[in-house]
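The structure under discussion appears below in the form of structure tokens.
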Amino acid sequence: MSRILIIEDEESIADLERDYLEVAGFEVEIAYHGRLGLEKALTEEYDLIILDVMLPGIDGFDICRQVRREKNTPIIMVSAKKDDIDKIRGLGLGADDYMTKPFSPSELVARVKAHMERYNRLVGVGIPKNEVIEIRGIKIDKTARRVWVNGEERPFTTKEYDLLTFLAENPNRVFTKEELFREIWDMESVGDIATVTVHIKKIREKVEFNSAKPQYIETIWGVGYRFKM
Ligand code: CA
């Protein structure tokens with residue numbers, strides 16, 4: 001669940017914001033004092049901070065500045081004064097958004113959601129990153145299990161793909177056919193080390209310019225194979 005910190009000294013406003021955000025499925029904490037808010041923002045992990053500008057003691061500008069020095073947490077600043085908005089913009093505090101009071105709580109919820117989605121996209125939370133191996137002309141996308149050779153996608157069977165990926169992940173290491181068979185085929189598999197030879201041949205046909213003179217998967221005579229980096 002996403003956690004939100006509200007730093008706001010007007011309790012009725014803070015509580016209203018919290019109620020709406022909780023209904024929308026967020027976990028919310030409130031700091032009614034600026035110093036406490038700053039401390040929480042710096043020491044705990046939040047997915048977003050709603051920060052009031054006018055606070056006793058330390059104001060929202062200072063808090064924003066100090067948080068930004070250490071964290072990228074999205075910050076929505078709120079103020080009752082229109083002038084503050086210009087200040088937020090002008091000072092380059094690093095706030096992600098700003099709203100003028102009074103605003104409707106549902107608008108706040110909508111903004112929070114939009115920022116959260118944007119932030120999650122940027123940092124890749126919840127979206128597995130494509131793990132890509134690139135060695136010279138070969139590109140392997142491990143998330144999609146797809147392979148490109150010099151920019152052109154080539155179809156690979158499951159085992160061909162597994163074998164190629166395993167070798168490419170361990171470049172310059174020599175593996176015996178037995179090791180490769182154990183690694184790629186499970187114990188119950190029908191087959192023997194000749195299966196490895198057959199698969200290497202098929203992979204070469206797909207990735208090598210000239211299978212007779214392989215540039216990627218080399219045969220180490222009497223030992224096995226290695227992927228040349
Ligand atoms: Ca205030």
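Each chain in the structure tokens gets a letter, A, B, ..., in the order shown, and its residues are numbered from 1; ligands are numbered from 1 in order too.
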Discussion item. Taking the DSSP secondary structure from the backbone, can you list the residues of stretch 5-190 of chain A that are helix (DSSP H, G or I), as number ranges by chain?
Written reply: A: 11-23, 34-43, 60-70, 82-91, 105-123, 158-169, 177-184
Practice prompt. Please identify all polymer residues within 7 Å of stretch 171-185 of chain A, counting only C-alpha atoms, omitting same-chain residues fewer than 3 positions from it, and present them as a PyMOL selection string.
Written response: chain A and resi 159+162-163+167-168+189+193+196+223-229
C-alpha atoms of the current selection, written as a short mmCIF file (atom, residue, chain, number, x, y, z; two decimals), in the first residue's frame:
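part23.cif was written with the following content:
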data_model
loop_
_atom_site.label_atom_id
_atom_site.label_comp_id
_atom_site.auth_asym_id
_atom_site.auth_seq_id
_atom_site.Cartn_x
_atom_site.Cartn_y
_atom_site.Cartn_z
CA LYS A 159 15.81 -24.83 -24.94
CA ASP A 162 17.84 -21.12 -22.43
CA LEU A 163 21.14 -22.43 -23.71
CA LEU A 167 26.20 -19.06 -22.28
CA ALA A 168 25.82 -15.33 -22.90
CA SER A 189 14.65 -35.14 -19.70
CA ILE A 193 24.84 -34.72 -24.31
CA VAL A 196 23.56 -30.14 -26.54
CA VAL A 223 36.21 -29.74 -23.71
CA GLY A 224 32.99 -28.02 -24.70
CA TYR A 225 31.76 -24.56 -25.61
CA ARG A 226 32.19 -21.00 -24.59
CA PHE A 227 30.52 -17.73 -25.49
CA LYS A 228 33.16 -15.32 -26.70
CA MET A 229 32.79 -11.85 -25.20
#
Discussion item. Residues contacting ligand 1 - anything with an atom at most 8 Å away, using only C-alpha atoms and all ligand atoms - can you give me those as JSON, numbers by chain?
Written reply: {"A": [8, 9, 10, 52, 53, 54, 55, 56, 79]}
Output the selection as an mmCIF file, in the first residue's frame - N, CA, C and O atoms for each residue.
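Produced file out-v1.cif, reproduced below:
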data_model
loop_
_atom_site.group_PDB
_atom_site.id
_atom_site.type_symbol
_atom_site.label_atom_id
_atom_site.label_comp_id
_atom_site.auth_asym_id
_atom_site.auth_seq_id
_atom_site.Cartn_x
_atom_site.Cartn_y
_atom_site.Cartn_z
ATOM 1 N N GLU A 8 0.802 19.451 7.702
ATOM 2 C CA GLU A 8 -0.237 20.498 7.700
ATOM 3 C C GLU A 8 -0.614 20.829 9.138
ATOM 4 O O GLU A 8 -0.923 19.931 9.918
ATOM 5 N N ASP A 9 -0.553 22.124 9.467
ATOM 6 C CA ASP A 9 -0.839 22.493 10.855
ATOM 7 C C ASP A 9 -2.330 22.706 11.133
ATOM 8 O O ASP A 9 -2.746 22.711 12.276
ATOM 9 N N GLU A 10 -3.106 22.900 10.080
ATOM 10 C CA GLU A 10 -4.547 23.059 10.320
ATOM 11 C C GLU A 10 -5.173 21.668 10.378
ATOM 12 O O GLU A 10 -5.334 21.002 9.354
ATOM 13 N N ASP A 52 2.144 21.644 3.340
ATOM 14 C CA ASP A 52 1.594 22.990 3.459
ATOM 15 C C ASP A 52 2.747 23.999 3.507
ATOM 16 O O ASP A 52 3.824 23.694 4.020
ATOM 17 N N VAL A 53 2.517 25.180 2.962
ATOM 18 C CA VAL A 53 3.588 26.178 2.963
ATOM 19 C C VAL A 53 3.676 26.897 4.309
ATOM 20 O O VAL A 53 4.748 27.013 4.906
ATOM 21 N N MET A 54 2.516 27.385 4.775
ATOM 22 C CA MET A 54 2.519 28.170 6.015
ATOM 23 C C MET A 54 2.455 27.267 7.232
ATOM 24 O O MET A 54 1.401 26.723 7.565
ATOM 25 N N LEU A 55 3.575 27.105 7.847
ATOM 26 C CA LEU A 55 3.640 26.266 9.044
ATOM 27 C C LEU A 55 4.389 27.041 10.116
ATOM 28 O O LEU A 55 5.300 27.805 9.802
ATOM 29 N N PRO A 56 4.015 26.846 11.370
ATOM 30 C CA PRO A 56 4.779 27.528 12.416
ATOM 31 C C PRO A 56 6.166 26.903 12.555
ATOM 32 O O PRO A 56 6.342 25.714 12.322
ATOM 33 N N SER A 79 -0.943 25.851 -0.639
ATOM 34 C CA SER A 79 -0.890 27.144 0.029
ATOM 35 C C SER A 79 -2.186 27.901 -0.177
ATOM 36 O O SER A 79 -2.876 27.713 -1.182
#
Worksheet item: How would you write, as a PyMOL selection string, the set of residues in stretch 13-214 of chain A that DSSP gives as strand (DSSP E)?
Response: chain A and resi 27-31+48-52+75-79+97-100+132-135+138-141+146-149+152-154+175-176
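In this model, the gap between atom CA of A:Ser211 and atom CA of A:Asp186 comes to 27.5 Å.
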Item to complete: Using only C-alpha atoms, determine which residues lie at most 10 Å from A:Phe103, disregarding the query and same-chain residues fewer than 5 positions distant; provide the list as number ranges by chain.
Response: A: 78-80, 108
File dump, residues just selected, N, CA and C atoms, as an mmCIF file, in the first residue's frame:
data_model
loop_
_atom_site.group_PDB
_atom_site.id
_atom_site.type_symbol
_atom_site.label_atom_id
_atom_site.label_comp_id
_atom_site.auth_asym_id
_atom_site.auth_seq_id
_atom_site.Cartn_x
_atom_site.Cartn_y
_atom_site.Cartn_z
ATOM 1 N N VAL A 78 0.939 22.858 -0.913
ATOM 2 C CA VAL A 78 -0.353 23.543 -0.892
ATOM 3 C C VAL A 78 -0.223 24.861 -0.137
ATOM 4 N N SER A 79 -0.943 25.851 -0.639
ATOM 5 C CA SER A 79 -0.890 27.144 0.029
ATOM 6 C C SER A 79 -2.186 27.901 -0.177
ATOM 7 N N ALA A 80 -2.493 28.759 0.785
ATOM 8 C CA ALA A 80 -3.685 29.582 0.659
ATOM 9 C C ALA A 80 -3.370 30.850 -0.122
ATOM 10 N N LEU A 108 -7.507 16.711 -4.913
ATOM 11 C CA LEU A 108 -6.239 16.314 -4.313
ATOM 12 C C LEU A 108 -5.975 14.828 -4.557
#
Worksheet item: Separation of atom CA of A:Glu218 and atom CA of A:Lys201, in Å?
Response: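 Atom-to-atom, atom CA of A:Glu218 and atom CA of A:Lys201 are spaced 11.0 Å apart.
Taking atom CA of A:Phe156 as the reference point, atom CA of A:Glu169 is found at 16.8 Å.
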Worksheet item: Which polymer residues have any atom within 6 Å of an atom of stretch 28-41 of chain A, counting only C-alpha atoms, with same-chain residues fewer than 2 positions away left out, as a list in words?
Response: Arg3, Ile4, Leu5, Ile6, Ile7, Glu8, Asp9, Thr43, Glu44, Leu55, Ile58 and Ile63 of chain A
Discussion item. Taking 3 positions as the minimum chain separation for residues in the same chain, which residues sit within 10 Å of stretch 134-139 of chain A when counting only C-alpha atoms? Answer as a PyMOL selection string.
Written reply: chain A and resi 131+142+146-153+165+168-169+171+207-208+215-216+227-229
Please, could you write that set of residues out with N, CA and C atoms as an mmCIF file, in the first residue's frame?
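Ended up saving to part.cif:
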data_model
loop_
_atom_site.group_PDB
_atom_site.id
_atom_site.type_symbol
_atom_site.label_atom_id
_atom_site.label_comp_id
_atom_site.auth_asym_id
_atom_site.auth_seq_id
_atom_site.Cartn_x
_atom_site.Cartn_y
_atom_site.Cartn_z
ATOM 1 N N GLU A 131 15.345 -7.106 -18.562
ATOM 2 C CA GLU A 131 16.749 -7.428 -18.380
ATOM 3 C C GLU A 131 17.299 -7.737 -19.752
ATOM 4 N N LYS A 142 15.565 -10.699 -21.606
ATOM 5 C CA LYS A 142 15.223 -11.817 -20.737
ATOM 6 C C LYS A 142 13.791 -11.769 -20.226
ATOM 7 N N ARG A 146 13.090 -12.803 -25.877
ATOM 8 C CA ARG A 146 13.236 -12.583 -27.322
ATOM 9 C C ARG A 146 14.698 -12.290 -27.644
ATOM 10 N N VAL A 147 15.066 -12.651 -28.858
ATOM 11 C CA VAL A 147 16.460 -12.493 -29.269
ATOM 12 C C VAL A 147 16.541 -11.755 -30.602
ATOM 13 N N TRP A 148 17.458 -10.794 -30.664
ATOM 14 C CA TRP A 148 17.715 -10.088 -31.918
ATOM 15 C C TRP A 148 19.163 -10.286 -32.330
ATOM 16 N N VAL A 149 19.348 -10.481 -33.603
ATOM 17 C CA VAL A 149 20.705 -10.574 -34.125
ATOM 18 C C VAL A 149 20.862 -9.454 -35.139
ATOM 19 N N ASN A 150 21.791 -8.575 -34.889
ATOM 20 C CA ASN A 150 21.981 -7.386 -35.722
ATOM 21 C C ASN A 150 20.660 -6.669 -36.005
ATOM 22 N N GLY A 151 19.868 -6.516 -34.969
ATOM 23 C CA GLY A 151 18.629 -5.758 -35.084
ATOM 24 C C GLY A 151 17.438 -6.551 -35.611
ATOM 25 N N GLU A 152 17.693 -7.789 -36.004
ATOM 26 C CA GLU A 152 16.596 -8.588 -36.554
ATOM 27 C C GLU A 152 16.198 -9.672 -35.566
ATOM 28 N N GLU A 153 14.917 -9.759 -35.292
ATOM 29 C CA GLU A 153 14.501 -10.757 -34.325
ATOM 30 C C GLU A 153 14.556 -12.164 -34.931
ATOM 31 N N THR A 165 21.117 -18.057 -23.680
ATOM 32 C CA THR A 165 21.127 -17.084 -22.588
ATOM 33 C C THR A 165 22.115 -17.488 -21.502
ATOM 34 N N ALA A 168 25.577 -16.774 -22.785
ATOM 35 C CA ALA A 168 25.817 -15.334 -22.901
ATOM 36 C C ALA A 168 25.946 -14.667 -21.532
ATOM 37 N N GLU A 169 25.295 -15.250 -20.535
ATOM 38 C CA GLU A 169 25.395 -14.696 -19.183
ATOM 39 C C GLU A 169 26.714 -15.062 -18.519
ATOM 40 N N PRO A 171 29.958 -15.295 -20.165
ATOM 41 C CA PRO A 171 30.866 -15.248 -21.309
ATOM 42 C C PRO A 171 32.295 -15.636 -20.932
ATOM 43 N N VAL A 207 22.455 -17.317 -35.109
ATOM 44 C CA VAL A 207 23.203 -16.124 -34.680
ATOM 45 C C VAL A 207 24.502 -15.884 -35.446
ATOM 46 N N GLU A 208 25.063 -16.936 -35.986
ATOM 47 C CA GLU A 208 26.367 -16.767 -36.629
ATOM 48 C C GLU A 208 26.212 -16.363 -38.094
ATOM 49 N N GLN A 215 31.557 -16.785 -34.451
ATOM 50 C CA GLN A 215 32.075 -15.595 -33.768
ATOM 51 C C GLN A 215 31.599 -15.511 -32.322
ATOM 52 N N TYR A 216 30.524 -16.200 -32.055
ATOM 53 C CA TYR A 216 29.955 -16.101 -30.708
ATOM 54 C C TYR A 216 30.225 -17.361 -29.883
ATOM 55 N N PHE A 227 31.028 -18.911 -24.807
ATOM 56 C CA PHE A 227 30.523 -17.730 -25.488
ATOM 57 C C PHE A 227 31.624 -16.678 -25.448
ATOM 58 N N LYS A 228 32.067 -16.287 -26.624
ATOM 59 C CA LYS A 228 33.164 -15.324 -26.695
ATOM 60 C C LYS A 228 32.631 -13.912 -26.462
ATOM 61 N N MET A 229 33.224 -13.217 -25.525
ATOM 62 C CA MET A 229 32.788 -11.846 -25.205
ATOM 63 C C MET A 229 33.310 -10.895 -26.249
#
